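Structure first, then comments.
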4 protein chains.
Amino acid sequence: MIGIGVIGYGYWGPNLVRNFMKVAGARVVTVSDIRADRLASIHKQYPTVQTTTNFHDVISNSDVDAVIVATPVSTHYELAEMALRAGKHVLVEKPLTSTSRQSLGLIEEAHRNKRVLMVDHTFVYTSAVRKSQELVADNSVGEIYYYDSVRVNLGLFQHDVNVIWDLAVHDLAIMDYVLRSRPLAVSATGMSHVPGKPENIAYLTLFFESNLIAHVHVNWLAPVKIRRTLIGGSNKMIVYDDLEPSEKIKVYDKGITLNNGSDNFYRMLIGYRTGDMWAPQIEVAEALQVEAQHFVECIESGRQPITDGEAGLRVVKILEAASQSMLQRGQLVKIDLGRLAA
Amino acid sequence: MIGIGVIGYGYWGPNLVRNFMKVAGARVVTVSDIRADRLASIHKQYPTVQTTTNFHDVISNSDVDAVIVATPVSTHYELAEMALRAGKHVLVEKPLTSTSRQSLGLIEEAHRNKRVLMVDHTFVYTSAVRKSQELVADNSVGEIYYYDSVRVNLGLFQHDVNVIWDLAVHDLAIMDYVLRSRPLAVSATGMSHVPGKPENIAYLTLFFESNLIAHVHVNWLAPVKIRRTLIGGSNKMIVYDDLEPSEKIKVYDKGITLNNGSDNFYRMLIGYRTGDMWAPQIEVAEALQVEAQHFVECIESGRQPITDGEAGLRVVKILEAASQSMLQRGQLVKIDLGRLAA
Amino acid sequence: MIGIGVIGYGYWGPNLVRNFMKVAGARVVTVSDIRADRLASIHKQYPTVQTTTNFHDVISNSDVDAVIVATPVSTHYELAEMALRAGKHVLVEKPLTSTSRQSLGLIEEAHRNKRVLMVDHTFVYTSAVRKSQELVADNSVGEIYYYDSVRVNLGLFQHDVNVIWDLAVHDLAIMDYVLRSRPLAVSATGMSHVPGKPENIAYLTLFFESNLIAHVHVNWLAPVKIRRTLIGGSNKMIVYDDLEPSEKIKVYDKGITLNNGSDNFYRMLIGYRTGDMWAPQIEVAEALQVEAQHFVECIESGRQPITDGEAGLRVVKILEAASQSMLQRGQLVKIDLGRLAA
Amino acid sequence: MIGIGVIGYGYWGPNLVRNFMKVAGARVVTVSDIRADRLASIHKQYPTVQTTTNFHDVISNSDVDAVIVATPVSTHYELAEMALRAGKHVLVEKPLTSTSRQSLGLIEEAHRNKRVLMVDHTFVYTSAVRKSQELVADNSVGEIYYYDSVRVNLGLFQHDVNVIWDLAVHDLAIMDYVLRSRPLAVSATGMSHVPGKPENIAYLTLFFESNLIAHVHVNWLAPVKIRRTLIGGSNKMIVYDDLEPSEKIKVYDKGITLNNGSDNFYRMLIGYRTGDMWAPQIEVAEALQVEAQHFVECIESGRQPITDGEAGLRVVKILEAASQSMLQRGQLVKIDLGRLAA
């Protein structure tokens with residue numbers, strides 16, 4: 001039985017606790033938060049879970065095998081590092097850390113202590129993203145032309161990070177999982193509408209080695225909620241709408257067909273295909289439940305998590321580059337993510 | 001009775017002819033197209049309209065008071081200039097010309113000949129865009145924070161212009177009409193997925209003097225059709241969905257409220273407003289009918305059209321700058337649109 | 001070249017004229033309407049079409065081979081009968097006549113004069129209905145369990161007929177074409193909300209020999225427009241939404257599977273299938289254009305139209321029975337539609 | 001602190017437990033279910049809650065002040081009666097009982113024992129239904145013309161009750177709360193598509209003293225989920241779509257205006273209004289949480305619940321009449337619900 005300790009019981013913490021309560025092979029031992037009213041709410045719903053206002057109690061608790069860090073981003077590194085050093089496995093809310101240097105530090109610390117380090121890239125564990133990954137991996141989509149995502153709503157303004165670190169991180173995590181190539185450079189634009197606060201609206205364009213182009217639009221100040229991703233390929237195109245109750249993934253047999261005109265060396269013929277649409281059945285499962293189970297299994301088996309420290313690091317590197325580009329109004333910034341593993 | 005001559009009967013020409021047939025005070029005299037089958041189709045539906053394969057017949061026809069140019073962009077300048085020189089009033093399909101220099105040339109030619117020069121920025125004549133303009137002009141929306149538009153579908157690939165000149169031109173024309181300030185610089189990214197062809201997907205970010213930011217996403221290769229614009233302001237936010245059959249404009253009483261914290265000079269309090277939504281009744285009218293009527297009225301009265309040569313020029317200048325930025329992967333390019341008239 | 005004469009240029013007449021103008025092998029010769037302003041509008045758009053305020057001019061015109069009756073229902077019989085007697089082919093707007101006796105009269109008159117009698121069941125000529133018919137005919141859907149249609153909006157109140165005769169007629173015409181069995185009885189309910197006027201809201205349930213059940217909801221006083229039909233079968237289920245711009249037909253691989261439990265004679269096992277959804281590509285074509293072409297082809301070839309007088313008669317018989325049931329608040333009324341042709 | 005005991009931990013039981021766990025002033029003491037695996041699942045999530053396979057343990061538990069009956073309908077009466085006799089307050093899942101006679105029995109038993117009897121008409125506690133009730137009560141909607149509800153999806157087939165008792169019960173409960181008049185008669189039609197099983201599709205028309213008409217369409221075998229109610233009135237019309245994430249209630253300023261023509265006694269003029277639409281902000285709250293709190297407050301204060309035994313009885317009477325009408329294919333069946341309280 002893996003003992004779970006949770007640091008931070010704000011917006012996401014209750015979802016983590018609720019899901020880990022249901023994982024076979026795990027039990028939630030203790031939760032810390034600096035706010036007494038949050039702890040009272042735990043006590044009411046989960047009378048057997050210990051609570052504390054001191055996160056040290058979580059890290060030093062000998063019944064705790066794994067620590068979940070669900071606090072503001074600026075504290076991720078320090079808390080995760082302490083937990084790893086104390087010999088705990090660690091799951092960190094996204095994004096992994098505030099800087100790529102910190103991410104590297106956690107990866108090394110986990111390696112040194114032979115502990116599992118996982119980042120909570122939740123969307124990677126949704127059935128819809130997994131289905132998209134399959135359709136890309138088995139070449140149904142063909143050559144990927146573009147990846148376009150819109151993730152906007154009237155959201156909580158974060159005080160310590162801009163909207164890229166809060167929302168675009170989801171899209172970058174999905175791309176890291178779904179696409180077979182990695183971005184080489186980014187051009188980003190954005191704006192702050194609250195004096196002294198970080199950017200609340202942003203647009204990222206990512207360039208790759210091929211003519212794949214990726215774009216992400218994130219906005220904390222939109223009147224409507226939109227969560228839609230288009231993946232356009234040479235064979236098929238995917239529309240992934242996370243707000244659709246049942247048909248989250250639609251696959252369109254639409255596109256263009258290029259033929260070399262035989263009579264003329266220079267001439268390309270462009271044919272249009274507009275065909276059927278197909279919405280594969282998507283398993284209904286709460287992503288966080290799948291993820292929680294995966295974390296516990298990785299601890300038990302010693303396997304590398306799908307969203308490991310390296311995945312967290314790659315995403316943080318792009319976030320850093322995008323923020324830098326945004327300050328320079330779209331100036332291209334290179335990204336070095338290393339080579340793809342064969 | 002204003003005699004109308006139309007040059008070009010491809011995709012848009014039939015819509016022009018159908019609408020001008022219904023305008024009180026006008027009659028369609030003649031239509032030219034180089035394709036005989038297109039002319040046969042006119043003859044079948046409008047037996048009284050003359051047809052010709054030679055555009056000179058339109059320009060030199062003494063029953064023709066006004067010429068409509070509905071040919072590929074690359075020919076706009078030459079045809080419009082000839083028509084103006086022949087003393088005709090001219091309506092040119094969007095965009096006005098291929099270069100800002102050409103637009104300037106047409107403006108001067110129209111001025112010299114005291115003829116009406118109008119550009120077919122069709123969306124400006126929709127009830128939805130007019131309602132949006134009103135809501136911005138009367139300060140209902142408040143300070144404008146952002147303008148975000150998505151205009152994508154599986155569209156015809158143009159061979160002579162990129163997707164910006166084909167689709168973003170609509171959004172730039174709407175912005176020119178709705179917003180009270182003009183962009184100072186643009187950062188654009190895009191990609192071509194057909195070797196040797198112009199970009200079929202593009203993203204534009206426009207910067208203004210204030211912290212207004214505008215973004216346009218255009219794509220010829222999308223599996224679904226989207227025509228949605230978000231206008232976010234300090235008081236209200238507008239969602240304009242052109243594909244909604246009846247509620248094209250929705251006005252949300254949502255947003256953020258900034259208060260100066262009284263106890264601390266540096267501290268800003270951010271309050272969230274989530275209020276009612278209101279969809280004003282929008283008059284049902286075909287935009288092109290309104291526009292055709294407006295063109296004829298401007299000819300009769302000598303008034304300046306809403307979408308005059310200057311509006312056409314401003315849009316072409318942004319298109320030029322955006323295309324230039326796109327070649328440099330998002331590099332900021334300045335735009336000089338002159339001062340707003342008081 | 002078939003000469004076409006149109007009687008009635010109200011709501012639907014302009015659509016008829018516009019479409020017949022484009023039919024190869026036909027030409028619109030003359031149109032009658034008692035309102036001078038309607039005729040002026042024809043003259044403006046179609047200067048070569050003759051106009052008259054006297055319908056006798058249409059029927060007696062020797063250039064007219066076929067007469068289209070697009071007047072209020074109460075006049076259909078008299079006008080169509082006169083036209084048939086004058087040796088004209090006739091297309092009558094739906095419903096065919098005000099009574100089944102009148103429909104029978106027209107069928108006989110057409111037979112006597114060897115002329116084509118066709119009823120304008122427009123929806124039968126849409127690509128979506130034709131695709132639905134195919135999916136039923138080739139047994140993709142399996143045994144049909146139910147047919148459920150909602151057709152509501154803020155519509156024009158008719159003064160001479162209730163909402164069933166105005167709107168449900170569409171669904172009955174579609175069912176007549178798509179389903180392989182015919183209703184035996186109807187239970188209908190409805191209400192008038194304008195004193196002295198016919199019912200503006202109505203609900204019809206149709207019973208068949210099998211356990212197929214059909215239901216139609218029509219309403220002139222709904223705030224939103226809905227045009228949705230569900231066809232549930234043992235293999236597949238179809239959702240036909242006529243307001244969907246591109247995916248009008250969706251086919252769901254969902255349903256129930258019945259198995260006989262082997263261990264117990266009386267026990268049925270019910271399994272649930274929730275599978276993929278598939279939206280077949282639907283050809284984009286204006287139904288009225290297809291129908292106009294079909295009418296002209298039937299005249300030329302002597303073939304029986306798909307929506308012939310018999311189809312018109314069957315629909316009128318159901319309308320009569322439903323109206324009678326509605327007066328008795330749902331009392332079951334039998335319908336005798338004769339045997340299905342093998 | 002009110003002690004809660006729950007009988008039945010099937011589909012709905014977990015939602016009840018989860019919500020009562022959060023109610024201030026209450027605690028979940030014990031839960032019974034005959035299935036051991038269900039009880040194990042409780043133990044995992046709520047280690048402090050007692051479990052038992054014997055419902056008598058719940059009823060006889062002296063720490064239990066209130067019993068919640070969440071078992072199949074056929075057992076409601078017996079369990080609720082035993083609990084009331086044991087001096088417990090009782091909340092019964094909808095519908096209250098299998099027969100109106102049983103409902104009457106429970107009402108009397110509760111009265112005798114001075115205990116709270118409440119029926120779980122959950123939708124009455126949603127913000128959307130409460131807003132609808134307000135708009136009807138304050139006459140915003142005006143005279144109610146019709147109430148039309150569609151509640152369909154691929155649902156679990158119930159073995160002991162037909163689809164009316166499972167789904168239409170929701171609509172009847174909402175009507176009972178929202179409308180100011182009560183139905184006098186019902187005509188219902190329906191069909192079973194599984195041999196030997198109850199009807200899985202049904203249509204109800206309810207008649208009232210005025211020309212209000214209500215209709216409910218319920219279906220366990222629909223490929224898509226629809227939860228939409230139209231309320232049409234003389235002033236406004238409401239569209240309540242329970243699946244809309246944020247704008248569940250839309251109020252349309254559309255309708256007809258009746259004027260008496262001054263020149264002619266018999267003539268009614270019908271004017272059409274098509275105006276703005278307004279979507280009031282709806283509070284986000286889980287209905288079952290509101291309901292659970294209300295139940296506990298009624299116990300503490302002795303107040304009558306909004307959804308008391310009488311409300312449960314009225315709904316059961318309509319369900320009985322509708323089932324009877326359905327057997328006779330739409331034959332009108334009268335309903336006696338007593339007079340509305342002033």
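A note on labels: chains of the structure tokens are A, B, ... as shown, every chain counts residues from 1, and ligands are counted from 1 in their shown order.
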Write out as an MDAnalysis selection string which residues come within 8 Å of segment 299-304 of chain C when counting only C-alpha atoms, dropping same-chain ones fewer than 5 positions away. chainID C and resid 89 115:116
List every residue of chain C that has an atom at most 12 Å from any atom of chain A, giving for each one its closest atom pair and the distance in Å to one decimal, counting only C-alpha atoms, sorted by chain and then by ascending residue number, as JSON lines.
```
{"residue": "C:Ser246", "atom": "CA", "partner": "A:Met277", "partner_atom": "CA", "distance": 10.2}
{"residue": "C:Glu247", "atom": "CA", "partner": "A:Met277", "partner_atom": "CA", "distance": 8.2}
{"residue": "C:Lys248", "atom": "CA", "partner": "A:Met277", "partner_atom": "CA", "distance": 11.3}
{"residue": "C:Ile249", "atom": "CA", "partner": "A:Met277", "partner_atom": "CA", "distance": 10.3}
{"residue": "C:Lys250", "atom": "CA", "partner": "A:Met277", "partner_atom": "CA", "distance": 9.0}
{"residue": "C:Val251", "atom": "CA", "partner": "A:Trp278", "partner_atom": "CA", "distance": 9.5}
{"residue": "C:Tyr252", "atom": "CA", "partner": "A:Ala279", "partner_atom": "CA", "distance": 9.3}
{"residue": "C:Asp253", "atom": "CA", "partner": "A:Gln281", "partner_atom": "CA", "distance": 9.4}
{"residue": "C:Lys254", "atom": "CA", "partner": "A:Gln281", "partner_atom": "CA", "distance": 10.1}
{"residue": "C:Arg273", "atom": "CA", "partner": "A:Gln281", "partner_atom": "CA", "distance": 10.6}
{"residue": "C:Thr274", "atom": "CA", "partner": "A:Gln281", "partner_atom": "CA", "distance": 7.3}
{"residue": "C:Gly275", "atom": "CA", "partner": "A:Gln281", "partner_atom": "CA", "distance": 5.3}
{"residue": "C:Asp276", "atom": "CA", "partner": "A:Pro280", "partner_atom": "CA", "distance": 4.6}
{"residue": "C:Met277", "atom": "CA", "partner": "A:Ala279", "partner_atom": "CA", "distance": 4.9}
{"residue": "C:Trp278", "atom": "CA", "partner": "A:Trp278", "partner_atom": "CA", "distance": 4.5}
{"residue": "C:Ala279", "atom": "CA", "partner": "A:Met277", "partner_atom": "CA", "distance": 4.9}
{"residue": "C:Pro280", "atom": "CA", "partner": "A:Asp276", "partner_atom": "CA", "distance": 4.6}
{"residue": "C:Gln281", "atom": "CA", "partner": "A:Asp276", "partner_atom": "CA", "distance": 4.7}
{"residue": "C:Ile282", "atom": "CA", "partner": "A:Asp276", "partner_atom": "CA", "distance": 8.4}
{"residue": "C:Glu283", "atom": "CA", "partner": "A:Thr274", "partner_atom": "CA", "distance": 10.0}
{"residue": "C:Val284", "atom": "CA", "partner": "A:Thr274", "partner_atom": "CA", "distance": 11.2}
```
Keeping C-alpha atoms, export the residues of the selection given above as an mmCIF file, in the first residue's frame.
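Dumped to selection-v2.cif:
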```cif
data_model
loop_
_atom_site.group_PDB
_atom_site.id
_atom_site.type_symbol
_atom_site.label_atom_id
_atom_site.label_comp_id
_atom_site.auth_asym_id
_atom_site.auth_seq_id
_atom_site.Cartn_x
_atom_site.Cartn_y
_atom_site.Cartn_z
ATOM 1 C CA SER C 246 -22.308 20.224 -43.320
ATOM 2 C CA GLU C 247 -22.959 17.144 -41.199
ATOM 3 C CA LYS C 248 -26.698 16.826 -41.651
ATOM 4 C CA ILE C 249 -26.706 13.066 -41.243
ATOM 5 C CA LYS C 250 -24.961 11.308 -38.380
ATOM 6 C CA VAL C 251 -25.091 7.551 -38.070
ATOM 7 C CA TYR C 252 -24.526 6.106 -34.619
ATOM 8 C CA ASP C 253 -23.390 2.598 -33.976
ATOM 9 C CA LYS C 254 -25.331 2.604 -30.751
ATOM 10 C CA ARG C 273 -23.726 -0.951 -27.661
ATOM 11 C CA THR C 274 -22.074 2.437 -27.705
ATOM 12 C CA GLY C 275 -19.833 2.663 -30.670
ATOM 13 C CA ASP C 276 -18.500 5.040 -33.247
ATOM 14 C CA MET C 277 -20.379 7.768 -35.044
ATOM 15 C CA TRP C 278 -20.103 8.289 -38.760
ATOM 16 C CA ALA C 279 -21.201 11.290 -40.798
ATOM 17 C CA PRO C 280 -21.343 10.385 -44.476
ATOM 18 C CA GLN C 281 -20.500 13.080 -46.941
ATOM 19 C CA ILE C 282 -23.698 14.620 -48.258
ATOM 20 C CA GLU C 283 -23.784 16.132 -51.696
ATOM 21 C CA VAL C 284 -24.459 19.849 -51.624
#
```
Write out as a list in words each polymer residue whose atoms come within 7 Å of segment 21-38 of chain A, counting only C-alpha atoms; drop sequence neighbours fewer than 6 positions from it.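 So the residues in contact are Met1, Ile2, Gly3, Ile4, Gly5, Val6, Ile7, Gly8, Tyr9, Val49, Gln50, Thr51, Thr52, Thr53, Asn54, Phe55, Val58, Val64, Ala292 and Gln293 of chain A; Lys44 and Gln45 of chain D.
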Put those residues in a file: C-alpha atoms, as a PDB file, in the first residue's frame.
```pdb
ATOM      1  CA  MET A   1       0.000   0.000   0.000  1.00  0.00           C
ATOM      2  CA  ILE A   2       1.617   3.254  -1.147  1.00  0.00           C
ATOM      3  CA  GLY A   3       1.140   6.102   1.338  1.00  0.00           C
ATOM      4  CA  ILE A   4       0.360   9.422  -0.297  1.00  0.00           C
ATOM      5  CA  GLY A   5       1.048  12.861   1.139  1.00  0.00           C
ATOM      6  CA  VAL A   6      -0.316  15.983  -0.527  1.00  0.00           C
ATOM      7  CA  ILE A   7       1.141  19.475  -0.168  1.00  0.00           C
ATOM      8  CA  GLY A   8      -1.345  22.174  -1.164  1.00  0.00           C
ATOM      9  CA  TYR A   9      -5.124  21.917  -1.016  1.00  0.00           C
ATOM     10  CA  VAL A  49      -6.891  11.724   6.476  1.00  0.00           C
ATOM     11  CA  GLN A  50      -4.427  13.615   8.689  1.00  0.00           C
ATOM     12  CA  THR A  51      -4.034  17.338   8.133  1.00  0.00           C
ATOM     13  CA  THR A  52      -1.331  19.830   8.960  1.00  0.00           C
ATOM     14  CA  THR A  53      -0.412  23.417   8.218  1.00  0.00           C
ATOM     15  CA  ASN A  54       3.264  22.484   7.988  1.00  0.00           C
ATOM     16  CA  PHE A  55       4.447  20.833   4.801  1.00  0.00           C
ATOM     17  CA  VAL A  58       4.160  15.618   5.077  1.00  0.00           C
ATOM     18  CA  VAL A  64       4.246   8.697   3.265  1.00  0.00           C
ATOM     19  CA  ALA A 292      -3.045   8.545 -10.301  1.00  0.00           C
ATOM     20  CA  GLN A 293      -3.126   4.837 -11.071  1.00  0.00           C
TER      21      GLN A 293
ATOM     22  CA  LYS D  44     -12.312   2.643   0.480  1.00  0.00           C
ATOM     23  CA  GLN D  45     -13.532   6.233   0.032  1.00  0.00           C
TER      24      GLN D  45
END
```
Between atom CA of Val124 of chain A and atom CA of Ala83 of chain A, what is the spacing in Å?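 Computing the Euclidean distance for atom CA of Ala83 of chain A and atom CA of Val124 of chain A yields 24.4 Å.
Across the structure, atom CA of Lys225 of chain D and atom CA of Leu221 of chain C are spaced 24.0 Å apart.
Near Ala70 of chain C, within a cut-off of 9 Å and counting only C-alpha atoms, sit the residues Val6, Ile7, Gly8, Tyr9, Gly10, Tyr11, Trp12, Gly13, Leu16, His76, Leu91, Val92, Glu93 and Lys94 of chain C, with same-chain residues fewer than 4 positions away left out.
The residues of segment 192-290 of chain C that DSSP classifies as alpha helix (DSSP H), using the backbone of this structure, are Ala287, Leu288, Gln289 and Val290 of chain C.
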Surrounding residues of Asp166 of chain B excluding itself and chain neighbours under 4 positions, 12 Å, only C-alpha atoms, as an NGL selection string: :B and (72-73 or 93-98 or 121 or 151-152 or 155-162 or 170-173 or 198-202 or 218-220 or 315-316 or 319)
Residues at most 9 Å from segment 234-242 of chain A, counting only C-alpha atoms, excluding those fewer than 4 positions away in the same chain, as a PyMOL selection string? (chain A and resi 128-129+132+135+139-145+226-230+247-257) or (chain B and resi 222-224)
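Between atom CA of Gly338 of chain A and atom CA of Lys88 of chain A the interatomic distance comes to 28.4 Å.
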Write out as a PyMOL selection string the set of residues from segment 242-325 of chain D that DSSP, computed on the backbone, places in strand (DSSP E or B). chain D and resi 249-260+268-279+308
Selection export as a PDB file, in the first residue's frame, atoms kept: N, CA and C atoms:
```
ATOM      1  N   ILE D 249     -30.279  28.759 -19.337  1.00  0.00           N
ATOM      2  CA  ILE D 249     -31.568  29.417 -19.522  1.00  0.00           C
ATOM      3  C   ILE D 249     -31.405  30.571 -20.502  1.00  0.00           C
ATOM      4  N   LYS D 250     -32.189  30.554 -21.569  1.00  0.00           N
ATOM      5  CA  LYS D 250     -32.217  31.674 -22.501  1.00  0.00           C
ATOM      6  C   LYS D 250     -33.654  32.181 -22.583  1.00  0.00           C
ATOM      7  N   VAL D 251     -33.788  33.478 -22.477  1.00  0.00           N
ATOM      8  CA  VAL D 251     -35.114  34.084 -22.484  1.00  0.00           C
ATOM      9  C   VAL D 251     -35.246  34.905 -23.755  1.00  0.00           C
ATOM     10  N   TYR D 252     -36.234  34.549 -24.568  1.00  0.00           N
ATOM     11  CA  TYR D 252     -36.415  35.201 -25.858  1.00  0.00           C
ATOM     12  C   TYR D 252     -37.570  36.178 -25.805  1.00  0.00           C
ATOM     13  N   ASP D 253     -37.317  37.333 -26.308  1.00  0.00           N
ATOM     14  CA  ASP D 253     -38.357  38.354 -26.406  1.00  0.00           C
ATOM     15  C   ASP D 253     -39.046  38.187 -27.763  1.00  0.00           C
ATOM     16  N   LYS D 254     -39.576  37.003 -27.960  1.00  0.00           N
ATOM     17  CA  LYS D 254     -40.194  36.686 -29.246  1.00  0.00           C
ATOM     18  C   LYS D 254     -41.612  36.219 -28.998  1.00  0.00           C
ATOM     19  N   GLY D 255     -42.444  36.349 -29.961  1.00  0.00           N
ATOM     20  CA  GLY D 255     -43.787  35.833 -29.797  1.00  0.00           C
ATOM     21  C   GLY D 255     -44.758  36.484 -30.742  1.00  0.00           C
ATOM     22  N   ILE D 256     -46.005  36.370 -30.386  1.00  0.00           N
ATOM     23  CA  ILE D 256     -47.032  36.972 -31.209  1.00  0.00           C
ATOM     24  C   ILE D 256     -47.774  37.995 -30.373  1.00  0.00           C
ATOM     25  N   THR D 257     -48.242  39.001 -31.028  1.00  0.00           N
ATOM     26  CA  THR D 257     -49.043  40.020 -30.362  1.00  0.00           C
ATOM     27  C   THR D 257     -50.417  40.003 -31.005  1.00  0.00           C
ATOM     28  N   LEU D 258     -51.410  39.897 -30.179  1.00  0.00           N
ATOM     29  CA  LEU D 258     -52.769  39.876 -30.715  1.00  0.00           C
ATOM     30  C   LEU D 258     -53.397  41.245 -30.524  1.00  0.00           C
ATOM     31  N   ASN D 259     -53.939  41.769 -31.553  1.00  0.00           N
ATOM     32  CA  ASN D 259     -54.662  43.034 -31.430  1.00  0.00           C
ATOM     33  C   ASN D 259     -56.066  42.841 -31.963  1.00  0.00           C
ATOM     34  N   ASN D 260     -57.009  43.469 -31.336  1.00  0.00           N
ATOM     35  CA  ASN D 260     -58.336  43.465 -31.913  1.00  0.00           C
ATOM     36  C   ASN D 260     -58.365  44.523 -33.000  1.00  0.00           C
ATOM     37  N   MET D 268     -58.918  39.343 -36.022  1.00  0.00           N
ATOM     38  CA  MET D 268     -57.801  39.435 -35.101  1.00  0.00           C
ATOM     39  C   MET D 268     -56.565  39.770 -35.915  1.00  0.00           C
ATOM     40  N   LEU D 269     -55.799  40.690 -35.411  1.00  0.00           N
ATOM     41  CA  LEU D 269     -54.533  40.970 -36.082  1.00  0.00           C
ATOM     42  C   LEU D 269     -53.421  40.265 -35.315  1.00  0.00           C
ATOM     43  N   ILE D 270     -52.603  39.581 -36.034  1.00  0.00           N
ATOM     44  CA  ILE D 270     -51.481  38.885 -35.401  1.00  0.00           C
ATOM     45  C   ILE D 270     -50.182  39.569 -35.807  1.00  0.00           C
ATOM     46  N   GLY D 271     -49.497  40.079 -34.822  1.00  0.00           N
ATOM     47  CA  GLY D 271     -48.207  40.697 -35.097  1.00  0.00           C
ATOM     48  C   GLY D 271     -47.100  39.800 -34.573  1.00  0.00           C
ATOM     49  N   TYR D 272     -45.979  39.816 -35.226  1.00  0.00           N
ATOM     50  CA  TYR D 272     -44.872  38.971 -34.799  1.00  0.00           C
ATOM     51  C   TYR D 272     -43.842  39.820 -34.094  1.00  0.00           C
ATOM     52  N   ARG D 273     -43.392  39.354 -32.967  1.00  0.00           N
ATOM     53  CA  ARG D 273     -42.288  40.023 -32.292  1.00  0.00           C
ATOM     54  C   ARG D 273     -41.066  39.138 -32.391  1.00  0.00           C
ATOM     55  N   THR D 274     -39.980  39.672 -32.890  1.00  0.00           N
ATOM     56  CA  THR D 274     -38.723  38.932 -32.797  1.00  0.00           C
ATOM     57  C   THR D 274     -37.706  39.896 -32.219  1.00  0.00           C
ATOM     58  N   GLY D 275     -37.384  39.685 -30.988  1.00  0.00           N
ATOM     59  CA  GLY D 275     -36.561  40.661 -30.289  1.00  0.00           C
ATOM     60  C   GLY D 275     -35.269  40.065 -29.783  1.00  0.00           C
ATOM     61  N   ASP D 276     -34.764  40.639 -28.737  1.00  0.00           N
ATOM     62  CA  ASP D 276     -33.485  40.236 -28.187  1.00  0.00           C
ATOM     63  C   ASP D 276     -33.609  38.919 -27.430  1.00  0.00           C
ATOM     64  N   MET D 277     -32.479  38.339 -27.171  1.00  0.00           N
ATOM     65  CA  MET D 277     -32.407  37.165 -26.307  1.00  0.00           C
ATOM     66  C   MET D 277     -31.541  37.541 -25.115  1.00  0.00           C
ATOM     67  N   TRP D 278     -31.865  36.948 -23.977  1.00  0.00           N
ATOM     68  CA  TRP D 278     -31.151  37.279 -22.748  1.00  0.00           C
ATOM     69  C   TRP D 278     -30.901  36.007 -21.963  1.00  0.00           C
ATOM     70  N   ALA D 279     -29.665  35.817 -21.570  1.00  0.00           N
ATOM     71  CA  ALA D 279     -29.325  34.626 -20.797  1.00  0.00           C
ATOM     72  C   ALA D 279     -28.891  35.073 -19.406  1.00  0.00           C
ATOM     73  N   ASP D 308     -42.358  17.995  -1.021  1.00  0.00           N
ATOM     74  CA  ASP D 308     -42.877  17.190   0.087  1.00  0.00           C
ATOM     75  C   ASP D 308     -43.639  15.976  -0.445  1.00  0.00           C
TER      76      ASP D 308
END
```
